Amino acid sequence: MRTLIAFLSLVALLGLPGPAALAQDPAAPAIKDGSRVGLEYTLTDDAGTVLDTNKGQEPFVYTHGTRQIVPGLESALAGLRAGDVRKVTVKPEDGYGKVDPKAEIEVGRERVPPDVKVGSQLTGRSASGESRAVRVKEIKDKSVVLDLNHPLAGKTLVFDVRILSVDGP
């Protein structure tokens, strides 16, 4: 408390803008469909383990409303402006979905690297040619069972986000 009082006294003494003056400009563009948004984020699981971050790197840029990010995060960012900071918890159904126990495929052992182990993550191709991450679930004598669920399926995700820029649609 003393630190806060000392800080506010220093702000007043130096003639610096107080906390109210640091509020977001209501005329600044808010995030809406079609906005080009730049942000800094740290993604953790619900236990606090860091899964990904772009802090100290280039901003992550996406176009709002085009499903380039998980739905739960996208809806939570709507209406924010540059400078806003938000902690967003995304449940599996609003992130990468729940784990589907039927989302697996069995392929011949010759179709995977010889040194593959259970738990290894590989890159596979869908019938349409798109790349996707798959995980080795089981190794049999002549085949390998691959889990097609997204690696973050079934996980509650926590995003710490700072909006860096918002360019209107």
# chains A, B, ... in the order shown; residues from 1 in each chain; ligands from 1
>>> residues_around(residues="region 87-95 of chain A", least_positions_apart="3", cutoff="9 Å", atoms="only C-alpha atoms", output="list in words")
Asp46, Ile69, Val70, Pro71, Gly72, Leu73, Ala76, Leu77, Lys98, Val99, Leu152, Ala153, Gly154, Lys155, Thr156, Leu157, Val158, Phe159, Asp160, Val161 and Arg162 of chain A
>>> select_by_dssp(residues="region 94-162 of chain A", states="strand (DSSP E)", output="PDB file with all heavy atoms, in the first residue's frame")
ATOM      1  N   GLU A 104      -8.727 -42.805 -34.977  1.00  0.00           N
ATOM      2  CA  GLU A 104      -7.459 -43.495 -35.139  1.00  0.00           C
ATOM      3  C   GLU A 104      -7.483 -44.281 -36.439  1.00  0.00           C
ATOM      4  O   GLU A 104      -8.550 -44.566 -36.990  1.00  0.00           O
ATOM      5  CB  GLU A 104      -7.140 -44.401 -33.948  1.00  0.00           C
ATOM      6  CG  GLU A 104      -8.171 -45.434 -33.631  1.00  0.00           C
ATOM      7  CD  GLU A 104      -7.825 -46.229 -32.379  1.00  0.00           C
ATOM      8  OE1 GLU A 104      -7.505 -45.614 -31.347  1.00  0.00           O
ATOM      9  OE2 GLU A 104      -7.886 -47.460 -32.450  1.00  0.00           O
ATOM     10  N   ILE A 105      -6.305 -44.571 -36.913  1.00  0.00           N
ATOM     11  CA  ILE A 105      -6.169 -45.319 -38.159  1.00  0.00           C
ATOM     12  C   ILE A 105      -5.005 -46.283 -38.005  1.00  0.00           C
ATOM     13  O   ILE A 105      -4.026 -45.978 -37.320  1.00  0.00           O
ATOM     14  CB  ILE A 105      -5.961 -44.355 -39.356  1.00  0.00           C
ATOM     15  CG1 ILE A 105      -5.982 -45.108 -40.668  1.00  0.00           C
ATOM     16  CG2 ILE A 105      -4.689 -43.558 -39.190  1.00  0.00           C
ATOM     17  CD1 ILE A 105      -6.007 -44.197 -41.885  1.00  0.00           C
ATOM     18  N   GLU A 106      -5.124 -47.428 -38.609  1.00  0.00           N
ATOM     19  CA  GLU A 106      -4.055 -48.418 -38.571  1.00  0.00           C
ATOM     20  C   GLU A 106      -3.405 -48.451 -39.946  1.00  0.00           C
ATOM     21  O   GLU A 106      -4.096 -48.569 -40.960  1.00  0.00           O
ATOM     22  CB  GLU A 106      -4.624 -49.796 -38.201  1.00  0.00           C
ATOM     23  CG  GLU A 106      -3.573 -50.795 -37.814  1.00  0.00           C
ATOM     24  CD  GLU A 106      -4.153 -52.029 -37.124  1.00  0.00           C
ATOM     25  OE1 GLU A 106      -5.243 -51.930 -36.512  1.00  0.00           O
ATOM     26  OE2 GLU A 106      -3.498 -53.076 -37.191  1.00  0.00           O
ATOM     27  N   VAL A 107      -2.078 -48.304 -39.964  1.00  0.00           N
ATOM     28  CA  VAL A 107      -1.342 -48.311 -41.236  1.00  0.00           C
ATOM     29  C   VAL A 107      -0.255 -49.367 -41.167  1.00  0.00           C
ATOM     30  O   VAL A 107       0.176 -49.775 -40.082  1.00  0.00           O
ATOM     31  CB  VAL A 107      -0.707 -46.926 -41.540  1.00  0.00           C
ATOM     32  CG1 VAL A 107      -1.782 -45.861 -41.686  1.00  0.00           C
ATOM     33  CG2 VAL A 107       0.306 -46.525 -40.507  1.00  0.00           C
ATOM     34  N   GLY A 108       0.202 -49.786 -42.336  1.00  0.00           N
ATOM     35  CA  GLY A 108       1.294 -50.760 -42.406  1.00  0.00           C
ATOM     36  C   GLY A 108       2.558 -50.188 -41.804  1.00  0.00           C
ATOM     37  O   GLY A 108       2.837 -48.991 -41.906  1.00  0.00           O
ATOM     38  N   GLN A 121       5.354 -38.223 -32.334  1.00  0.00           N
ATOM     39  CA  GLN A 121       4.463 -37.408 -33.145  1.00  0.00           C
ATOM     40  C   GLN A 121       5.016 -37.381 -34.562  1.00  0.00           C
ATOM     41  O   GLN A 121       6.193 -37.128 -34.784  1.00  0.00           O
ATOM     42  CB  GLN A 121       4.352 -35.990 -32.590  1.00  0.00           C
ATOM     43  CG  GLN A 121       3.280 -35.187 -33.279  1.00  0.00           C
ATOM     44  CD  GLN A 121       2.910 -33.944 -32.498  1.00  0.00           C
ATOM     45  OE1 GLN A 121       2.728 -34.000 -31.294  1.00  0.00           O
ATOM     46  NE2 GLN A 121       2.799 -32.831 -33.190  1.00  0.00           N
ATOM     47  N   LEU A 122       4.151 -37.668 -35.518  1.00  0.00           N
ATOM     48  CA  LEU A 122       4.518 -37.688 -36.927  1.00  0.00           C
ATOM     49  C   LEU A 122       3.653 -36.693 -37.685  1.00  0.00           C
ATOM     50  O   LEU A 122       2.632 -36.233 -37.173  1.00  0.00           O
ATOM     51  CB  LEU A 122       4.297 -39.090 -37.511  1.00  0.00           C
ATOM     52  CG  LEU A 122       4.985 -40.260 -36.798  1.00  0.00           C
ATOM     53  CD1 LEU A 122       4.501 -41.579 -37.377  1.00  0.00           C
ATOM     54  CD2 LEU A 122       6.487 -40.132 -36.918  1.00  0.00           C
ATOM     55  N   THR A 123       4.048 -36.384 -38.899  1.00  0.00           N
ATOM     56  CA  THR A 123       3.222 -35.556 -39.758  1.00  0.00           C
ATOM     57  C   THR A 123       2.652 -36.460 -40.831  1.00  0.00           C
ATOM     58  O   THR A 123       3.397 -37.128 -41.552  1.00  0.00           O
ATOM     59  CB  THR A 123       4.052 -34.416 -40.392  1.00  0.00           C
ATOM     60  OG1 THR A 123       4.604 -33.633 -39.344  1.00  0.00           O
ATOM     61  CG2 THR A 123       3.189 -33.544 -41.273  1.00  0.00           C
ATOM     62  N   GLY A 124       1.338 -36.480 -40.917  1.00  0.00           N
ATOM     63  CA  GLY A 124       0.666 -37.283 -41.921  1.00  0.00           C
ATOM     64  C   GLY A 124      -0.023 -36.380 -42.933  1.00  0.00           C
ATOM     65  O   GLY A 124      -0.067 -35.167 -42.775  1.00  0.00           O
ATOM     66  N   ARG A 125      -0.547 -36.981 -43.969  1.00  0.00           N
ATOM     67  CA  ARG A 125      -1.287 -36.234 -44.984  1.00  0.00           C
ATOM     68  C   ARG A 125      -2.695 -36.813 -45.076  1.00  0.00           C
ATOM     69  O   ARG A 125      -2.885 -38.014 -45.100  1.00  0.00           O
ATOM     70  CB  ARG A 125      -0.622 -36.342 -46.348  1.00  0.00           C
ATOM     71  CG  ARG A 125       0.724 -35.690 -46.408  1.00  0.00           C
ATOM     72  CD  ARG A 125       0.825 -34.827 -47.662  1.00  0.00           C
ATOM     73  NE  ARG A 125       2.132 -34.225 -47.765  1.00  0.00           N
ATOM     74  CZ  ARG A 125       2.427 -33.020 -47.293  1.00  0.00           C
ATOM     75  NH1 ARG A 125       1.529 -32.306 -46.703  1.00  0.00           N
ATOM     76  NH2 ARG A 125       3.635 -32.532 -47.425  1.00  0.00           N
ATOM     77  N   SER A 131      -1.420 -31.405 -44.490  1.00  0.00           N
ATOM     78  CA  SER A 131      -0.563 -31.960 -43.438  1.00  0.00           C
ATOM     79  C   SER A 131      -1.295 -31.902 -42.110  1.00  0.00           C
ATOM     80  O   SER A 131      -2.030 -30.957 -41.846  1.00  0.00           O
ATOM     81  CB  SER A 131       0.725 -31.144 -43.316  1.00  0.00           C
ATOM     82  OG  SER A 131       1.506 -31.304 -44.453  1.00  0.00           O
ATOM     83  N   ARG A 132      -1.066 -32.910 -41.281  1.00  0.00           N
ATOM     84  CA  ARG A 132      -1.638 -32.905 -39.937  1.00  0.00           C
ATOM     85  C   ARG A 132      -0.768 -33.732 -39.013  1.00  0.00           C
ATOM     86  O   ARG A 132      -0.131 -34.689 -39.435  1.00  0.00           O
ATOM     87  CB  ARG A 132      -3.076 -33.394 -39.939  1.00  0.00           C
ATOM     88  CG  ARG A 132      -3.232 -34.855 -40.293  1.00  0.00           C
ATOM     89  CD  ARG A 132      -4.655 -35.339 -40.284  1.00  0.00           C
ATOM     90  NE  ARG A 132      -5.250 -35.202 -38.991  1.00  0.00           N
ATOM     91  CZ  ARG A 132      -6.541 -35.296 -38.760  1.00  0.00           C
ATOM     92  NH1 ARG A 132      -7.357 -35.519 -39.742  1.00  0.00           N
ATOM     93  NH2 ARG A 132      -7.012 -35.170 -37.547  1.00  0.00           N
ATOM     94  N   ALA A 133      -0.751 -33.319 -37.755  1.00  0.00           N
ATOM     95  CA  ALA A 133       0.027 -34.037 -36.745  1.00  0.00           C
ATOM     96  C   ALA A 133      -0.748 -35.280 -36.321  1.00  0.00           C
ATOM     97  O   ALA A 133      -1.959 -35.232 -36.133  1.00  0.00           O
ATOM     98  CB  ALA A 133       0.275 -33.136 -35.542  1.00  0.00           C
ATOM     99  N   VAL A 134      -0.046 -36.382 -36.208  1.00  0.00           N
ATOM    100  CA  VAL A 134      -0.613 -37.631 -35.693  1.00  0.00           C
ATOM    101  C   VAL A 134       0.351 -38.176 -34.645  1.00  0.00           C
ATOM    102  O   VAL A 134       1.538 -37.877 -34.663  1.00  0.00           O
ATOM    103  CB  VAL A 134      -0.853 -38.670 -36.816  1.00  0.00           C
ATOM    104  CG1 VAL A 134      -1.862 -38.161 -37.832  1.00  0.00           C
ATOM    105  CG2 VAL A 134       0.440 -39.066 -37.498  1.00  0.00           C
ATOM    106  N   ARG A 135      -0.193 -38.950 -33.722  1.00  0.00           N
ATOM    107  CA  ARG A 135       0.625 -39.516 -32.649  1.00  0.00           C
ATOM    108  C   ARG A 135       0.543 -41.033 -32.714  1.00  0.00           C
ATOM    109  O   ARG A 135      -0.522 -41.608 -32.957  1.00  0.00           O
ATOM    110  CB  ARG A 135       0.109 -39.024 -31.295  1.00  0.00           C
ATOM    111  CG  ARG A 135       0.993 -39.388 -30.118  1.00  0.00           C
ATOM    112  CD  ARG A 135       0.442 -38.841 -28.814  1.00  0.00           C
ATOM    113  NE  ARG A 135      -0.950 -39.169 -28.595  1.00  0.00           N
ATOM    114  CZ  ARG A 135      -1.388 -40.348 -28.134  1.00  0.00           C
ATOM    115  NH1 ARG A 135      -0.542 -41.309 -27.849  1.00  0.00           N
ATOM    116  NH2 ARG A 135      -2.679 -40.558 -27.956  1.00  0.00           N
ATOM    117  N   VAL A 136       1.676 -41.690 -32.507  1.00  0.00           N
ATOM    118  CA  VAL A 136       1.719 -43.150 -32.513  1.00  0.00           C
ATOM    119  C   VAL A 136       1.097 -43.643 -31.216  1.00  0.00           C
ATOM    120  O   VAL A 136       1.574 -43.336 -30.125  1.00  0.00           O
ATOM    121  CB  VAL A 136       3.168 -43.667 -32.658  1.00  0.00           C
ATOM    122  CG1 VAL A 136       3.196 -45.186 -32.574  1.00  0.00           C
ATOM    123  CG2 VAL A 136       3.780 -43.177 -33.959  1.00  0.00           C
ATOM    124  N   LYS A 137       0.005 -44.393 -31.359  1.00  0.00           N
ATOM    125  CA  LYS A 137      -0.723 -44.889 -30.189  1.00  0.00           C
ATOM    126  C   LYS A 137      -0.294 -46.312 -29.819  1.00  0.00           C
ATOM    127  O   LYS A 137      -0.225 -46.663 -28.648  1.00  0.00           O
ATOM    128  CB  LYS A 137      -2.223 -44.849 -30.483  1.00  0.00           C
ATOM    129  CG  LYS A 137      -3.085 -45.271 -29.329  1.00  0.00           C
ATOM    130  CD  LYS A 137      -4.554 -45.085 -29.640  1.00  0.00           C
ATOM    131  CE  LYS A 137      -5.407 -45.484 -28.457  1.00  0.00           C
ATOM    132  NZ  LYS A 137      -6.824 -45.273 -28.732  1.00  0.00           N
ATOM    133  N   GLU A 138      -0.031 -47.133 -30.848  1.00  0.00           N
ATOM    134  CA  GLU A 138       0.301 -48.541 -30.588  1.00  0.00           C
ATOM    135  C   GLU A 138       1.135 -49.071 -31.749  1.00  0.00           C
ATOM    136  O   GLU A 138       0.916 -48.694 -32.903  1.00  0.00           O
ATOM    137  CB  GLU A 138      -1.004 -49.342 -30.479  1.00  0.00           C
ATOM    138  CG  GLU A 138      -0.833 -50.798 -30.171  1.00  0.00           C
ATOM    139  CD  GLU A 138      -2.170 -51.551 -30.096  1.00  0.00           C
ATOM    140  OE1 GLU A 138      -3.241 -50.909 -30.175  1.00  0.00           O
ATOM    141  OE2 GLU A 138      -2.124 -52.783 -29.971  1.00  0.00           O
ATOM    142  N   ILE A 139       2.087 -49.937 -31.436  1.00  0.00           N
ATOM    143  CA  ILE A 139       2.902 -50.569 -32.469  1.00  0.00           C
ATOM    144  C   ILE A 139       2.632 -52.072 -32.410  1.00  0.00           C
ATOM    145  O   ILE A 139       2.784 -52.699 -31.363  1.00  0.00           O
ATOM    146  CB  ILE A 139       4.400 -50.283 -32.263  1.00  0.00           C
ATOM    147  CG1 ILE A 139       4.661 -48.774 -32.346  1.00  0.00           C
ATOM    148  CG2 ILE A 139       5.236 -51.050 -33.294  1.00  0.00           C
ATOM    149  CD1 ILE A 139       6.076 -48.360 -32.020  1.00  0.00           C
ATOM    150  N   SER A 143       1.787 -53.549 -38.206  1.00  0.00           N
ATOM    151  CA  SER A 143       1.085 -52.280 -38.394  1.00  0.00           C
ATOM    152  C   SER A 143       1.324 -51.349 -37.208  1.00  0.00           C
ATOM    153  O   SER A 143       1.866 -51.749 -36.181  1.00  0.00           O
ATOM    154  CB  SER A 143      -0.414 -52.521 -38.579  1.00  0.00           C
ATOM    155  OG  SER A 143      -0.960 -53.103 -37.411  1.00  0.00           O
ATOM    156  N   VAL A 144       0.893 -50.094 -37.412  1.00  0.00           N
ATOM    157  CA  VAL A 144       1.016 -49.071 -36.380  1.00  0.00           C
ATOM    158  C   VAL A 144      -0.331 -48.369 -36.289  1.00  0.00           C
ATOM    159  O   VAL A 144      -0.943 -48.029 -37.302  1.00  0.00           O
ATOM    160  CB  VAL A 144       2.126 -48.050 -36.741  1.00  0.00           C
ATOM    161  CG1 VAL A 144       2.171 -46.915 -35.748  1.00  0.00           C
ATOM    162  CG2 VAL A 144       3.470 -48.742 -36.829  1.00  0.00           C
ATOM    163  N   VAL A 145      -0.822 -48.153 -35.054  1.00  0.00           N
ATOM    164  CA  VAL A 145      -2.075 -47.447 -34.830  1.00  0.00           C
ATOM    165  C   VAL A 145      -1.736 -45.983 -34.559  1.00  0.00           C
ATOM    166  O   VAL A 145      -0.936 -45.680 -33.661  1.00  0.00           O
ATOM    167  CB  VAL A 145      -2.869 -48.054 -33.653  1.00  0.00           C
ATOM    168  CG1 VAL A 145      -4.152 -47.271 -33.417  1.00  0.00           C
ATOM    169  CG2 VAL A 145      -3.155 -49.537 -33.904  1.00  0.00           C
ATOM    170  N   LEU A 146      -2.329 -45.081 -35.351  1.00  0.00           N
ATOM    171  CA  LEU A 146      -2.085 -43.647 -35.227  1.00  0.00           C
ATOM    172  C   LEU A 146      -3.303 -42.951 -34.645  1.00  0.00           C
ATOM    173  O   LEU A 146      -4.433 -43.223 -35.068  1.00  0.00           O
ATOM    174  CB  LEU A 146      -1.759 -43.045 -36.598  1.00  0.00           C
ATOM    175  CG  LEU A 146      -0.561 -43.643 -37.330  1.00  0.00           C
ATOM    176  CD1 LEU A 146      -0.446 -43.042 -38.723  1.00  0.00           C
ATOM    177  CD2 LEU A 146       0.713 -43.438 -36.523  1.00  0.00           C
ATOM    178  N   ASP A 147      -3.074 -42.068 -33.696  1.00  0.00           N
ATOM    179  CA  ASP A 147      -4.125 -41.251 -33.086  1.00  0.00           C
ATOM    180  C   ASP A 147      -4.225 -39.975 -33.917  1.00  0.00           C
ATOM    181  O   ASP A 147      -3.254 -39.222 -34.041  1.00  0.00           O
ATOM    182  CB  ASP A 147      -3.749 -40.934 -31.638  1.00  0.00           C
ATOM    183  CG  ASP A 147      -4.785 -40.094 -30.909  1.00  0.00           C
ATOM    184  OD1 ASP A 147      -5.723 -39.578 -31.544  1.00  0.00           O
ATOM    185  OD2 ASP A 147      -4.638 -39.943 -29.683  1.00  0.00           O
ATOM    186  N   LEU A 157      -7.214 -24.861 -22.266  1.00  0.00           N
ATOM    187  CA  LEU A 157      -6.118 -23.984 -22.663  1.00  0.00           C
ATOM    188  C   LEU A 157      -6.267 -22.623 -22.004  1.00  0.00           C
ATOM    189  O   LEU A 157      -7.379 -22.102 -21.903  1.00  0.00           O
ATOM    190  CB  LEU A 157      -6.107 -23.818 -24.183  1.00  0.00           C
ATOM    191  CG  LEU A 157      -6.101 -25.116 -24.989  1.00  0.00           C
ATOM    192  CD1 LEU A 157      -6.266 -24.823 -26.471  1.00  0.00           C
ATOM    193  CD2 LEU A 157      -4.818 -25.886 -24.732  1.00  0.00           C
ATOM    194  N   VAL A 158      -5.157 -22.047 -21.570  1.00  0.00           N
ATOM    195  CA  VAL A 158      -5.181 -20.719 -20.960  1.00  0.00           C
ATOM    196  C   VAL A 158      -4.260 -19.816 -21.784  1.00  0.00           C
ATOM    197  O   VAL A 158      -3.066 -20.102 -21.918  1.00  0.00           O
ATOM    198  CB  VAL A 158      -4.723 -20.758 -19.490  1.00  0.00           C
ATOM    199  CG1 VAL A 158      -4.764 -19.364 -18.878  1.00  0.00           C
ATOM    200  CG2 VAL A 158      -5.594 -21.734 -18.689  1.00  0.00           C
ATOM    201  N   PHE A 159      -4.847 -18.767 -22.355  1.00  0.00           N
ATOM    202  CA  PHE A 159      -4.102 -17.814 -23.171  1.00  0.00           C
ATOM    203  C   PHE A 159      -3.944 -16.515 -22.399  1.00  0.00           C
ATOM    204  O   PHE A 159      -4.942 -15.941 -21.944  1.00  0.00           O
ATOM    205  CB  PHE A 159      -4.867 -17.495 -24.470  1.00  0.00           C
ATOM    206  CG  PHE A 159      -4.958 -18.622 -25.443  1.00  0.00           C
ATOM    207  CD1 PHE A 159      -5.999 -19.538 -25.367  1.00  0.00           C
ATOM    208  CD2 PHE A 159      -4.022 -18.758 -26.459  1.00  0.00           C
ATOM    209  CE1 PHE A 159      -6.101 -20.571 -26.282  1.00  0.00           C
ATOM    210  CE2 PHE A 159      -4.120 -19.793 -27.374  1.00  0.00           C
ATOM    211  CZ  PHE A 159      -5.155 -20.703 -27.295  1.00  0.00           C
ATOM    212  N   ASP A 160      -2.705 -16.045 -22.229  1.00  0.00           N
ATOM    213  CA  ASP A 160      -2.442 -14.702 -21.729  1.00  0.00           C
ATOM    214  C   ASP A 160      -2.107 -13.886 -22.968  1.00  0.00           C
ATOM    215  O   ASP A 160      -1.102 -14.150 -23.636  1.00  0.00           O
ATOM    216  CB  ASP A 160      -1.273 -14.695 -20.736  1.00  0.00           C
ATOM    217  CG  ASP A 160      -1.683 -15.243 -19.389  1.00  0.00           C
ATOM    218  OD1 ASP A 160      -2.653 -14.689 -18.821  1.00  0.00           O
ATOM    219  OD2 ASP A 160      -1.053 -16.190 -18.897  1.00  0.00           O
ATOM    220  N   VAL A 161      -2.976 -12.906 -23.277  1.00  0.00           N
ATOM    221  CA  VAL A 161      -2.895 -12.203 -24.553  1.00  0.00           C
ATOM    222  C   VAL A 161      -2.760 -10.712 -24.334  1.00  0.00           C
ATOM    223  O   VAL A 161      -3.425 -10.134 -23.459  1.00  0.00           O
ATOM    224  CB  VAL A 161      -4.179 -12.489 -25.387  1.00  0.00           C
ATOM    225  CG1 VAL A 161      -4.164 -11.728 -26.699  1.00  0.00           C
ATOM    226  CG2 VAL A 161      -4.339 -13.966 -25.633  1.00  0.00           C
ATOM    227  N   ARG A 162      -1.920 -10.079 -25.142  1.00  0.00           N
ATOM    228  CA  ARG A 162      -1.820  -8.612 -25.199  1.00  0.00           C
ATOM    229  C   ARG A 162      -2.085  -8.232 -26.653  1.00  0.00           C
ATOM    230  O   ARG A 162      -1.406  -8.687 -27.555  1.00  0.00           O
ATOM    231  CB  ARG A 162      -0.440  -8.128 -24.781  1.00  0.00           C
ATOM    232  CG  ARG A 162      -0.276  -6.599 -24.924  1.00  0.00           C
ATOM    233  CD  ARG A 162       1.136  -6.127 -24.559  1.00  0.00           C
ATOM    234  NE  ARG A 162       1.546  -6.569 -23.246  1.00  0.00           N
ATOM    235  CZ  ARG A 162       1.260  -5.937 -22.111  1.00  0.00           C
ATOM    236  NH1 ARG A 162       0.551  -4.839 -22.126  1.00  0.00           N
ATOM    237  NH2 ARG A 162       1.674  -6.420 -20.950  1.00  0.00           N
TER     238      ARG A 162
END
>>> atom_distance(atom1="CA of Thr66 (chain A)", atom2="CA of His150 (chain A)")
19.7 Å
>>> residues_around(residues="Val61 (chain A)", least_positions_apart="4", cutoff="9 Å", atoms="only C-alpha atoms", output="ChimeraX atom specification")
/A:36-39,165
>>> write_last_selection(atoms="C-alpha atoms", output="PDB file, in the first residue's frame")
ATOM      1  CA  ARG A  36      -6.458  -7.670 -38.816  1.00  0.00           C
ATOM      2  CA  VAL A  37      -5.147  -8.264 -35.276  1.00  0.00           C
ATOM      3  CA  GLY A  38      -1.561  -8.465 -34.028  1.00  0.00           C
ATOM      4  CA  LEU A  39      -1.028  -9.992 -30.618  1.00  0.00           C
ATOM      5  CA  SER A 165      -2.594  -3.776 -33.084  1.00  0.00           C
TER       6      SER A 165
END
>>> closest_residue(among="A:Gly34, A:Leu51, A:Val112, A:Lys140", to="Arg67 (chain A)", atoms="only C-alpha atoms")
A:Gly34
